[in-house]
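K.L.:
Next up is a structure, given as structure tokens.
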Amino acid sequence: MTKAADIMHPGAQWIPATESLDRAAQLMRELNVGALPVSDKNERLCGILTDRDIVVGCVARGGDPSRTTAGDLAKGTPRWISADADVSEVLREMEEHRIRRLPVIDKNKRLVGMISEADLARHLSDQQIGEFVEKVYATS
């Protein structure tokens, strides 16, 4: 069976909730990613910050990305998946919560990777991808 660890992009990095959005944007550029998991002071997941969050949630509102923190935009209950979870669990989690990126956590609660739509496209069947897209992007 295919596991989350088999399809994830390894080497994901946290960004502390206290870090500024301009630094977050720089890190996204350096890592060539569009999202970063946000960690609290205990290195526990407290949200995910996307490039769109920075633009829409700060810049477009006239905010200062050098004075706004990742934690300021990390809202809601963060979703994650265990590295040994079956791919069907990955899809269920992403579909049920209509999310496009999912942090992967190991048994020691450490971040070990991220699963994105691109990872799904590389590893799943056309039928699985079609069902995912229908459920995540459906307007209802």
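Chains: A, B, ... in order of the structure tokens. Residues: from 1 per chain. Ligands: from 1, in order shown.
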Name all residues at most 10 Å from A:Ile99 (count only C-alpha atoms; drop same-chain ones fewer than 2 positions away) and give them as a count of residues only.
P.N.:
13
K.L.:
Could you please write out, as a list of chain:residue names, every residue of chain A that DSSP assigns to strand (DSSP E)?
P.N.:
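So the strand (DSSP E) residues in chain A would be A:His9, A:Pro10, A:Ile15, A:Pro16, A:Ala35, A:Leu36, A:Pro37, A:Val38, A:Ser39, A:Leu45, A:Cys46, A:Gly47, A:Ile48, A:Leu49, A:Thr50, A:Ile81, A:Ser82, A:Arg101, A:Leu102, A:Pro103, A:Val104, A:Ile105, A:Leu111, A:Val112, A:Gly113, A:Met114, A:Ile115, A:Ser116.
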K.L.:
Applying 8 Å and only C-alpha atoms, which residues near A:Gln13 remain after dropping the ones on its own chain fewer than 3 positions away? List them as number ranges by chain.
P.N.:
A: 36-37, 111, 113
K.L.:
Per DSSP on the backbone, filter chain A down to the residues in alpha helix (DSSP H) and report them as a PyMOL selection string.
P.N.:
chain A and resi 4-7+21-31+51-57+70-73+87-96+117-123+126-137
K.L.:
Which polymer residues have any atom within 9 Å of an atom of A:Val87, counting only C-alpha atoms, with same-chain residues fewer than 5 positions away left out, as number ranges by chain?
P.N.:
A: 1-4, 6-7, 92, 124
K.L.:
Take the selection from the previous step and output its residues with all heavy atoms, as a PDB file, in the first residue's frame.
P.N.:
ATOM      1  N   MET A   1       0.819  -1.192   0.000  1.00  0.00           N
ATOM      2  CA  MET A   1       0.000   0.000   0.000  1.00  0.00           C
ATOM      3  C   MET A   1       0.862   1.254   0.000  1.00  0.00           C
ATOM      4  O   MET A   1       1.890   1.306   0.654  1.00  0.00           O
ATOM      5  CB  MET A   1      -0.880   0.035   1.250  1.00  0.00           C
ATOM      6  CG  MET A   1      -2.129  -0.763   1.146  1.00  0.00           C
ATOM      7  SD  MET A   1      -3.253  -0.200   2.420  1.00  0.00           S
ATOM      8  CE  MET A   1      -3.884  -1.768   2.929  1.00  0.00           C
ATOM      9  N   THR A   2       0.393   2.242  -0.701  1.00  0.00           N
ATOM     10  CA  THR A   2       1.106   3.510  -0.764  1.00  0.00           C
ATOM     11  C   THR A   2       0.802   4.329   0.487  1.00  0.00           C
ATOM     12  O   THR A   2      -0.338   4.467   0.892  1.00  0.00           O
ATOM     13  CB  THR A   2       0.687   4.296  -2.024  1.00  0.00           C
ATOM     14  OG1 THR A   2       0.912   3.478  -3.166  1.00  0.00           O
ATOM     15  CG2 THR A   2       1.474   5.584  -2.148  1.00  0.00           C
ATOM     16  N   LYS A   3       1.853   4.852   1.076  1.00  0.00           N
ATOM     17  CA  LYS A   3       1.735   5.642   2.299  1.00  0.00           C
ATOM     18  C   LYS A   3       2.000   7.123   2.013  1.00  0.00           C
ATOM     19  O   LYS A   3       2.581   7.476   0.985  1.00  0.00           O
ATOM     20  CB  LYS A   3       2.746   5.155   3.349  1.00  0.00           C
ATOM     21  CG  LYS A   3       2.609   3.696   3.719  1.00  0.00           C
ATOM     22  CD  LYS A   3       1.360   3.487   4.514  1.00  0.00           C
ATOM     23  CE  LYS A   3       1.260   2.045   4.965  1.00  0.00           C
ATOM     24  NZ  LYS A   3      -0.017   1.752   5.553  1.00  0.00           N
ATOM     25  N   ALA A   4       1.616   7.959   2.959  1.00  0.00           N
ATOM     26  CA  ALA A   4       1.856   9.396   2.831  1.00  0.00           C
ATOM     27  C   ALA A   4       3.338   9.677   2.597  1.00  0.00           C
ATOM     28  O   ALA A   4       3.694  10.519   1.771  1.00  0.00           O
ATOM     29  CB  ALA A   4       1.355  10.126   4.076  1.00  0.00           C
ATOM     30  N   ASP A   6       5.412   7.993   1.038  1.00  0.00           N
ATOM     31  CA  ASP A   6       5.809   7.628  -0.323  1.00  0.00           C
ATOM     32  C   ASP A   6       5.511   8.722  -1.339  1.00  0.00           C
ATOM     33  O   ASP A   6       6.164   8.785  -2.381  1.00  0.00           O
ATOM     34  CB  ASP A   6       5.086   6.350  -0.765  1.00  0.00           C
ATOM     35  CG  ASP A   6       5.408   5.157   0.120  1.00  0.00           C
ATOM     36  OD1 ASP A   6       6.543   5.059   0.619  1.00  0.00           O
ATOM     37  OD2 ASP A   6       4.500   4.311   0.312  1.00  0.00           O
ATOM     38  N   ILE A   7       4.522   9.550  -1.064  1.00  0.00           N
ATOM     39  CA  ILE A   7       4.131  10.553  -2.059  1.00  0.00           C
ATOM     40  C   ILE A   7       4.463  11.983  -1.649  1.00  0.00           C
ATOM     41  O   ILE A   7       4.366  12.892  -2.457  1.00  0.00           O
ATOM     42  CB  ILE A   7       2.630  10.449  -2.413  1.00  0.00           C
ATOM     43  CG1 ILE A   7       1.748  10.798  -1.219  1.00  0.00           C
ATOM     44  CG2 ILE A   7       2.300   9.088  -2.971  1.00  0.00           C
ATOM     45  CD1 ILE A   7       0.284  10.945  -1.573  1.00  0.00           C
ATOM     46  N   ARG A  92      -8.825  11.433   1.723  1.00  0.00           N
ATOM     47  CA  ARG A  92     -10.012  11.723   2.535  1.00  0.00           C
ATOM     48  C   ARG A  92      -9.817  13.024   3.328  1.00  0.00           C
ATOM     49  O   ARG A  92     -10.690  13.882   3.358  1.00  0.00           O
ATOM     50  CB  ARG A  92     -10.327  10.549   3.468  1.00  0.00           C
ATOM     51  CG  ARG A  92     -11.602  10.711   4.257  1.00  0.00           C
ATOM     52  CD  ARG A  92     -12.019   9.462   5.029  1.00  0.00           C
ATOM     53  NE  ARG A  92     -10.939   8.694   5.624  1.00  0.00           N
ATOM     54  CZ  ARG A  92     -10.485   7.521   5.150  1.00  0.00           C
ATOM     55  NH1 ARG A  92     -11.005   6.966   4.077  1.00  0.00           N
ATOM     56  NH2 ARG A  92      -9.496   6.892   5.770  1.00  0.00           N
ATOM     57  N   LEU A 124      -0.785   9.374  -8.210  1.00  0.00           N
ATOM     58  CA  LEU A 124      -2.097   8.749  -8.201  1.00  0.00           C
ATOM     59  C   LEU A 124      -2.631   8.535  -9.610  1.00  0.00           C
ATOM     60  O   LEU A 124      -2.153   9.138 -10.571  1.00  0.00           O
ATOM     61  CB  LEU A 124      -3.082   9.599  -7.395  1.00  0.00           C
ATOM     62  CG  LEU A 124      -2.684   9.882  -5.947  1.00  0.00           C
ATOM     63  CD1 LEU A 124      -3.736  10.727  -5.262  1.00  0.00           C
ATOM     64  CD2 LEU A 124      -2.451   8.586  -5.180  1.00  0.00           C
TER      65      LEU A 124
END
K.L.:
Just the number, please: distance in Å from atom CA of A:Thr50 to atom CA of A:Gly11, one decimal.
P.N.:
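Straight-line distance from atom CA of A:Thr50 to atom CA of A:Gly11 works out to 17.1 Å.
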K.L.:
Just the residues within 12 Å of A:Arg110, please, counting only C-alpha atoms, with nothing from its chain fewer than 2 positions along; format it as a ChimeraX atom specification.
P.N.:
/A:11-14,37,39,42-45,80-83,103-108,112-114
